[in-house]
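Next comes start-v4.cif, a file with mmCIF, C-alpha atoms.
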data_target
loop_
_atom_site.group_PDB
_atom_site.id
_atom_site.type_symbol
_atom_site.label_atom_id
_atom_site.label_comp_id
_atom_site.auth_asym_id
_atom_site.auth_seq_id
_atom_site.Cartn_x
_atom_site.Cartn_y
_atom_site.Cartn_z
ATOM 1 C CA MET A 1 37.475 0.715 7.282
ATOM 2 C CA THR A 2 37.324 3.266 10.085
ATOM 3 C CA ILE A 3 34.397 3.643 12.445
ATOM 4 C CA SER A 4 33.475 6.933 10.806
ATOM 5 C CA ASP A 5 33.514 5.260 7.361
ATOM 6 C CA ALA A 6 31.212 2.543 8.630
ATOM 7 C CA ALA A 7 28.935 5.096 10.265
ATOM 8 C CA ARG A 8 28.687 7.058 7.035
ATOM 9 C CA GLN A 9 27.615 3.921 5.168
ATOM 10 C CA THR A 10 24.953 2.959 7.668
ATOM 11 C CA PRO A 11 21.579 4.058 6.384
ATOM 12 C CA PHE A 12 19.576 6.203 8.783
ATOM 13 C CA LEU A 13 16.805 7.114 6.382
ATOM 14 C CA LEU A 14 14.536 4.694 4.579
ATOM 15 C CA GLY A 15 15.462 6.200 1.217
ATOM 16 C CA GLN A 16 19.134 5.289 1.728
ATOM 17 C CA LEU A 17 18.537 1.563 2.129
ATOM 18 C CA LEU A 18 19.124 0.726 -1.504
ATOM 19 C CA ASP A 19 22.407 2.648 -1.744
ATOM 20 C CA TRP A 20 24.191 0.131 0.410
ATOM 21 C CA PRO A 21 23.602 -3.110 -1.549
ATOM 22 C CA ALA A 22 23.818 -1.193 -4.823
ATOM 23 C CA SER A 23 27.385 -0.205 -3.969
ATOM 24 C CA LEU A 24 28.407 -3.521 -2.380
ATOM 25 C CA TYR A 25 27.025 -5.929 -4.993
ATOM 26 C CA PRO A 26 25.454 -3.962 -7.858
ATOM 27 C CA ASP A 27 25.091 -6.932 -10.211
ATOM 28 C CA ARG A 28 23.252 -9.239 -7.851
ATOM 29 C CA PRO A 29 19.539 -9.637 -8.452
ATOM 30 C CA ALA A 30 17.487 -7.344 -6.218
ATOM 31 C CA VAL A 31 14.050 -8.348 -7.445
ATOM 32 C CA GLU A 32 13.011 -11.451 -9.329
ATOM 33 C CA TRP A 33 9.611 -12.135 -10.748
ATOM 34 C CA GLU A 34 8.111 -14.526 -13.261
ATOM 35 C CA GLY A 35 9.884 -13.671 -16.462
ATOM 36 C CA GLY A 36 12.387 -11.127 -15.236
ATOM 37 C CA THR A 37 15.003 -9.944 -12.829
ATOM 38 C CA LEU A 38 16.470 -6.581 -11.883
ATOM 39 C CA SER A 39 19.900 -6.008 -10.374
ATOM 40 C CA PHE A 40 20.516 -3.640 -7.473
ATOM 41 C CA ARG A 41 22.238 -1.216 -9.860
ATOM 42 C CA ASP A 42 19.287 -1.223 -12.260
ATOM 43 C CA LEU A 43 16.770 -1.002 -9.428
ATOM 44 C CA LEU A 44 18.563 2.022 -7.982
ATOM 45 C CA GLU A 45 18.655 3.621 -11.428
ATOM 46 C CA ARG A 46 14.916 3.039 -11.778
ATOM 47 C CA VAL A 47 14.264 4.513 -8.360
ATOM 48 C CA ARG A 48 16.272 7.617 -9.285
ATOM 49 C CA GLU A 49 14.295 7.972 -12.519
ATOM 50 C CA GLN A 50 10.979 7.771 -10.682
ATOM 51 C CA GLU A 51 12.314 10.190 -8.075
ATOM 52 C CA ALA A 52 13.122 12.702 -10.806
ATOM 53 C CA VAL A 53 9.686 12.285 -12.372
ATOM 54 C CA LEU A 54 7.979 12.909 -9.035
ATOM 55 C CA ALA A 55 10.243 15.867 -8.253
ATOM 56 C CA GLY A 56 9.410 17.335 -11.648
ATOM 57 C CA PHE A 57 5.761 16.930 -10.738
ATOM 58 C CA GLY A 58 6.324 19.000 -7.589
ATOM 59 C CA ALA A 59 6.672 16.278 -4.956
ATOM 60 C CA ARG A 60 8.944 17.392 -2.138
ATOM 61 C CA ARG A 61 10.228 16.086 1.170
ATOM 62 C CA PHE A 62 7.875 16.486 4.143
ATOM 63 C CA GLN A 63 4.852 16.066 1.906
ATOM 64 C CA ARG A 64 2.512 13.141 2.372
ATOM 65 C CA TRP A 65 1.978 10.870 -0.599
ATOM 66 C CA ALA A 66 -0.282 7.837 -0.703
ATOM 67 C CA PHE A 67 0.037 4.803 -2.941
ATOM 68 C CA SER A 68 -2.798 2.636 -4.126
ATOM 69 C CA CYS A 69 -1.596 0.118 -6.626
ATOM 70 C CA PRO A 70 -1.149 -3.629 -6.974
ATOM 71 C CA THR A 71 1.986 -5.352 -5.805
ATOM 72 C CA SER A 72 4.399 -4.931 -8.685
ATOM 73 C CA LEU A 73 7.946 -3.948 -9.487
ATOM 74 C CA THR A 74 6.828 -0.341 -9.862
ATOM 75 C CA PHE A 75 5.334 -0.359 -6.350
ATOM 76 C CA MET B 76 6.366 10.492 3.898
ATOM 77 C CA VAL B 77 4.535 7.774 2.029
ATOM 78 C CA SER B 78 1.590 5.565 2.827
ATOM 79 C CA PRO B 79 0.783 2.355 1.001
ATOM 80 C CA LEU B 80 -3.008 2.039 0.938
ATOM 81 C CA ARG B 81 -4.858 -1.214 0.650
ATOM 82 C CA GLU B 82 -5.098 -2.153 -2.982
ATOM 83 C CA GLN B 83 -8.787 -2.991 -3.221
ATOM 84 C CA LEU B 84 -10.086 -0.095 -1.144
ATOM 85 C CA PRO B 85 -13.492 1.078 -2.421
ATOM 86 C CA ALA B 86 -13.561 4.656 -3.727
ATOM 87 C CA ARG B 87 -15.511 6.038 -0.744
ATOM 88 C CA LEU B 88 -13.091 4.593 1.834
ATOM 89 C CA LEU B 89 -10.113 5.638 -0.246
ATOM 90 C CA ARG B 90 -11.370 9.234 -0.215
ATOM 91 C CA GLU B 91 -11.902 9.073 3.551
ATOM 92 C CA ASP B 92 -8.365 7.821 4.177
ATOM 93 C CA LEU B 93 -6.896 10.445 1.857
ATOM 94 C CA ASP B 94 -8.862 13.274 3.473
ATOM 95 C CA GLY B 95 -8.146 12.082 7.019
ATOM 96 C CA GLY B 96 -4.455 11.506 6.389
ATOM 97 C CA GLY B 97 -3.792 14.977 5.013
ATOM 98 C CA PHE B 98 -2.114 13.651 1.873
ATOM 99 C CA GLN B 99 -0.837 16.028 -0.788
ATOM 100 C CA GLY B 100 -0.648 13.499 -3.561
ATOM 101 C CA LEU B 101 -1.657 10.049 -4.649
ATOM 102 C CA ILE B 102 0.001 7.495 -6.876
ATOM 103 C CA ILE B 103 -2.655 5.196 -8.207
ATOM 104 C CA SER B 104 -3.003 2.525 -10.846
ATOM 105 C CA GLU B 105 -5.060 3.740 -13.763
ATOM 106 C CA GLY B 106 -7.150 0.600 -13.552
ATOM 107 C CA HIS B 107 -8.280 1.426 -10.010
ATOM 108 C CA PRO B 108 -12.061 1.888 -9.786
ATOM 109 C CA ALA B 109 -11.556 5.289 -8.109
ATOM 110 C CA TYR B 110 -8.986 6.644 -10.568
ATOM 111 C CA GLU B 111 -11.359 8.482 -12.913
ATOM 112 C CA GLU B 112 -13.385 9.950 -10.054
ATOM 113 C CA LEU B 113 -10.313 11.107 -8.121
ATOM 114 C CA SER B 114 -8.456 12.598 -11.053
ATOM 115 C CA ALA B 115 -11.606 14.497 -12.086
ATOM 116 C CA ALA B 116 -12.397 15.770 -8.579
ATOM 117 C CA CYS B 117 -8.975 16.837 -7.367
ATOM 118 C CA PRO B 118 -8.219 20.540 -6.902
ATOM 119 C CA VAL B 119 -5.227 20.160 -9.155
ATOM 120 C CA SER B 120 -6.362 17.715 -11.740
ATOM 121 C CA ARG B 121 -3.032 17.333 -13.460
ATOM 122 C CA SER B 122 -2.093 13.721 -13.676
ATOM 123 C CA LEU B 123 1.239 12.333 -14.673
ATOM 124 C CA LYS B 124 2.309 9.137 -16.289
ATOM 125 C CA LEU B 125 4.728 7.752 -13.735
ATOM 126 C CA ALA B 126 5.046 4.264 -15.149
ATOM 127 C CA PRO B 127 3.037 2.348 -17.741
ATOM 128 C CA GLU B 128 0.271 1.486 -15.311
ATOM 129 C CA LEU B 129 0.502 4.289 -12.775
ATOM 130 C CA ALA B 130 -0.513 7.916 -12.522
ATOM 131 C CA ALA B 131 0.338 10.583 -9.962
ATOM 132 C CA ILE B 132 -2.346 13.022 -8.890
ATOM 133 C CA TRP B 133 -2.151 16.185 -6.815
ATOM 134 C CA LEU B 134 -4.846 16.122 -4.157
ATOM 135 C CA LYS B 135 -4.071 19.593 -2.792
ATOM 136 C CA SER B 136 -2.537 22.649 -4.330
ATOM 137 C CA ALA B 137 1.128 23.392 -3.675
ATOM 138 C CA VAL B 138 0.052 26.282 -1.425
ATOM 139 C CA GLU B 139 -1.519 23.824 0.997
ATOM 140 C CA SER B 140 1.543 21.590 1.001
ATOM 141 C CA HIS B 141 3.955 21.417 3.877
ATOM 142 C CA PRO B 142 7.168 23.427 3.475
ATOM 143 C CA SER B 143 9.993 21.448 1.942
ATOM 144 C CA GLU B 144 12.949 23.292 3.456
ATOM 145 C CA GLY B 145 15.433 21.483 5.685
ATOM 146 C CA CYS B 146 16.954 18.046 5.753
ATOM 147 C CA LEU B 147 15.251 14.844 6.735
ATOM 148 C CA VAL B 148 16.483 13.256 9.951
ATOM 149 C CA ASP B 149 15.838 9.834 11.392
ATOM 150 C CA VAL B 150 13.066 11.005 13.717
ATOM 151 C CA ASP B 151 11.031 12.428 10.846
ATOM 152 C CA PRO B 152 7.996 10.398 9.815
ATOM 153 C CA ALA B 153 8.712 7.944 7.006
ATOM 154 C CA LEU B 154 5.595 5.829 6.607
ATOM 155 C CA ILE B 155 1.957 5.719 7.498
ATOM 156 C CA LEU B 156 0.785 2.123 7.721
ATOM 157 C CA TRP B 157 -2.842 1.258 8.288
ATOM 158 C CA SER B 158 -4.077 -0.957 11.092
ATOM 159 C CA SER B 159 -6.331 -3.895 10.255
ATOM 160 C CA GLY B 160 -9.477 -2.201 11.493
ATOM 161 C CA SER B 161 -10.529 -5.233 13.509
ATOM 162 C CA THR B 162 -11.857 -2.974 16.299
ATOM 163 C CA GLY B 163 -13.249 -0.205 14.115
ATOM 164 C CA ARG B 164 -12.012 1.902 11.240
ATOM 165 C CA PRO B 165 -8.374 1.281 10.267
ATOM 166 C CA LEU B 166 -6.081 3.848 11.854
ATOM 167 C CA GLY B 167 -3.041 5.358 10.237
ATOM 168 C CA VAL B 168 0.092 4.522 12.244
ATOM 169 C CA VAL B 169 2.958 6.945 11.688
ATOM 170 C CA LEU B 170 6.401 5.311 11.713
ATOM 171 C CA GLN B 171 9.633 7.273 11.872
ATOM 172 C CA HIS B 172 12.668 6.371 9.788
ATOM 173 C CA HIS B 173 14.578 5.055 12.797
ATOM 174 C CA ALA B 174 11.615 2.844 13.812
ATOM 175 C CA VAL B 175 11.469 1.178 10.398
ATOM 176 C CA LEU B 176 15.231 0.669 10.390
ATOM 177 C CA ALA B 177 15.183 -0.704 13.944
ATOM 178 C CA ASN B 178 12.621 -3.238 12.745
ATOM 179 C CA LEU B 179 14.935 -4.099 9.862
ATOM 180 C CA TRP B 180 17.948 -4.698 12.131
ATOM 181 C CA ALA B 181 15.788 -6.744 14.504
ATOM 182 C CA ASN B 182 14.624 -8.913 11.592
ATOM 183 C CA ILE B 183 18.181 -9.496 10.433
ATOM 184 C CA ARG B 184 19.282 -10.448 13.918
ATOM 185 C CA ALA B 185 16.317 -12.589 14.918
ATOM 186 C CA LEU B 186 15.862 -14.431 11.630
ATOM 187 C CA GLY B 187 19.523 -14.636 10.687
ATOM 188 C CA TYR B 188 19.148 -13.103 7.228
ATOM 189 C CA ARG B 189 22.213 -13.192 4.998
ATOM 190 C CA ASP B 190 22.875 -10.959 2.035
ATOM 191 C CA ASP B 191 22.438 -13.805 -0.468
ATOM 192 C CA ASP B 192 19.073 -14.951 0.902
ATOM 193 C CA ARG B 193 16.039 -14.815 -1.365
ATOM 194 C CA THR B 194 12.610 -13.986 0.043
ATOM 195 C CA LEU B 195 9.368 -15.056 -1.622
ATOM 196 C CA LEU B 196 6.869 -12.225 -1.345
ATOM 197 C CA VAL B 197 3.249 -13.354 -1.247
ATOM 198 C CA LEU B 198 1.596 -10.664 0.878
ATOM 199 C CA PRO B 199 0.485 -7.352 -0.612
ATOM 200 C CA LEU B 200 3.052 -4.582 -0.173
ATOM 201 C CA SER B 201 0.492 -2.413 1.613
ATOM 202 C CA HIS B 202 0.560 -4.931 4.478
ATOM 203 C CA ALA B 203 2.984 -4.178 7.309
ATOM 204 C CA TYR B 204 4.726 -7.556 7.336
ATOM 205 C CA PRO B 205 6.361 -7.545 3.855
ATOM 206 C CA LEU B 206 8.235 -4.362 4.732
ATOM 207 C CA GLY B 207 10.675 -6.332 6.882
ATOM 208 C CA PRO B 208 11.746 -8.879 4.270
ATOM 209 C CA VAL B 209 11.704 -6.322 1.440
ATOM 210 C CA ASN B 210 13.860 -3.827 3.337
ATOM 211 C CA THR B 211 16.146 -6.563 4.624
ATOM 212 C CA LYS B 212 16.948 -7.629 1.074
#

Let me see whether you can do it: turn the structure in this file into structure tokens.
Amino acid sequence: MTISDAARQTPFLLGQLLDWPASLYPDRPAVEWEGGTLSFRDLLERVREQEAVLAGFGARRFQRWAFSCPTSLTF
Amino acid sequence: MVSPLREQLPARLLREDLDGGGFQGLIISEGHPAYEELSAACPVSRSLKLAPELAAIWLKSAVESHPSEGCLVDVDPALILWSSGSTGRPLGVVLQHHAVLANLWANIRALGYRDDDRTLLVLPLSHAYPLGPVNTK
């Protein structure tokens, strides 16, 4: 791996954090809870789905969005 | 930019934080005591089923929203976390992408995290501390 390859893979935005483990070890569990588990690949897929739903709703970068919900997988 | 609000915030304080923080939208659990009031009172009252237990609400019209042109860079704001309020009202602390990631790298280095470690999460996700272990994973 060249330095430029490594630099390209280093996340510099919060939203890129999941890309890295999802490409390195997609089948490993990312989140486990009582009664279930989700792999990095599936978690990333879920994030992309939610991203599309929010984008369809009109959410865009540079906007401010607040969350008020219990600790959960969806959070 | 996103801001996790405290889960059990009463409706009045939730409104104050939302107004003061200049938020365009809110993602809220439908069981939240303020959900009905907020979704009825918002300028754009459209709500959206985001997940089985969550709804998304526009708090301001698209006209009032910030422009969305351009790319995000690491010095753009990423998060607003709320202080504890031990000396007054909680204050919103704006964190840039690079600040959150610097915290992540510091956690990895100081605590010796490995990529097969498992972290038990017991604090609410709106609290600042869980962000380190969650992001490090």

Item to complete: Could you check which of A:Leu24, A:Leu18, A:Val31, A:Leu13 is closest to Arg48 (chain A), using only C-alpha atoms?
Response: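 Nearest candidate to Arg48 (chain A) out of A:Leu24, A:Leu18, A:Val31, A:Leu13: A:Leu18.
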
Fill in: Between CA of Met76 (chain B) and CA of Gln63 (chain A) - distance in Å to one decimal
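Interatomic distance, CA of Gln63 (chain A) to CA of Met76 (chain B): 6.1 Å.
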
Practice prompt. With a distance cut-off of 12 Å and only C-alpha atoms, select the neighbouring residues of Leu84 (chain B), excluding the residue or stretch itself and same-chain residues fewer than 6 positions from it, and output the selection as number ranges by chain.
Written response: A: 67-70; B: 90-93, 103, 107-110, 157, 165, 201

Any chance you could tabulate, as a Markdown table, the residues of chain A at most 8 Å from chain B with each one's nearest atom pair and distance in Å to one decimal, using only C-alpha atoms, in chain and rising number order?
| residue | atom | partner | partner_atom | distance |
| --- | --- | --- | --- | --- |
| A:Phe12 | CA | B:Asp149 | CA | 5.8 |
| A:Leu13 | CA | B:His172 | CA | 5.4 |
| A:Leu14 | CA | B:His172 | CA | 5.8 |
| A:Leu17 | CA | B:Asn210 | CA | 7.2 |
| A:Ala30 | CA | B:Lys212 | CA | 7.3 |
| A:Gln50 | CA | B:Leu125 | CA | 7.0 |
| A:Val53 | CA | B:Leu125 | CA | 6.9 |
| A:Leu54 | CA | B:Leu125 | CA | 7.7 |
| A:Phe57 | CA | B:Leu123 | CA | 7.6 |
| A:Gly58 | CA | B:Ala137 | CA | 7.8 |
| A:Ala59 | CA | B:Gly100 | CA | 8.0 |
| A:Arg60 | CA | B:Ser143 | CA | 5.8 |
| A:Arg61 | CA | B:Ser143 | CA | 5.4 |
| A:Phe62 | CA | B:Ser143 | CA | 5.8 |
| A:Gln63 | CA | B:His141 | CA | 5.8 |
| A:Arg64 | CA | B:Phe98 | CA | 4.7 |
| A:Trp65 | CA | B:Gly100 | CA | 4.8 |
| A:Ala66 | CA | B:Ser78 | CA | 4.6 |
| A:Phe67 | CA | B:Pro79 | CA | 4.7 |
| A:Ser68 | CA | B:Ile103 | CA | 4.8 |
| A:Cys69 | CA | B:Ser104 | CA | 5.1 |
| A:Pro70 | CA | B:Glu82 | CA | 5.8 |
| A:Thr71 | CA | B:Pro199 | CA | 5.8 |
| A:Thr74 | CA | B:Ala126 | CA | 7.2 |
| A:Phe75 | CA | B:Leu200 | CA | 7.8 |

Item to complete: Just give me the gap between CA of Pro21 (chain A) and CA of Ala55 (chain A) in Å, one decimal is fine.
Response: 24.2 Å

Fill in: Two-atom distance - CA of Leu43 (chain A), CA of Ala181 (chain B) (Å)
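It comes out at 24.6 Å.
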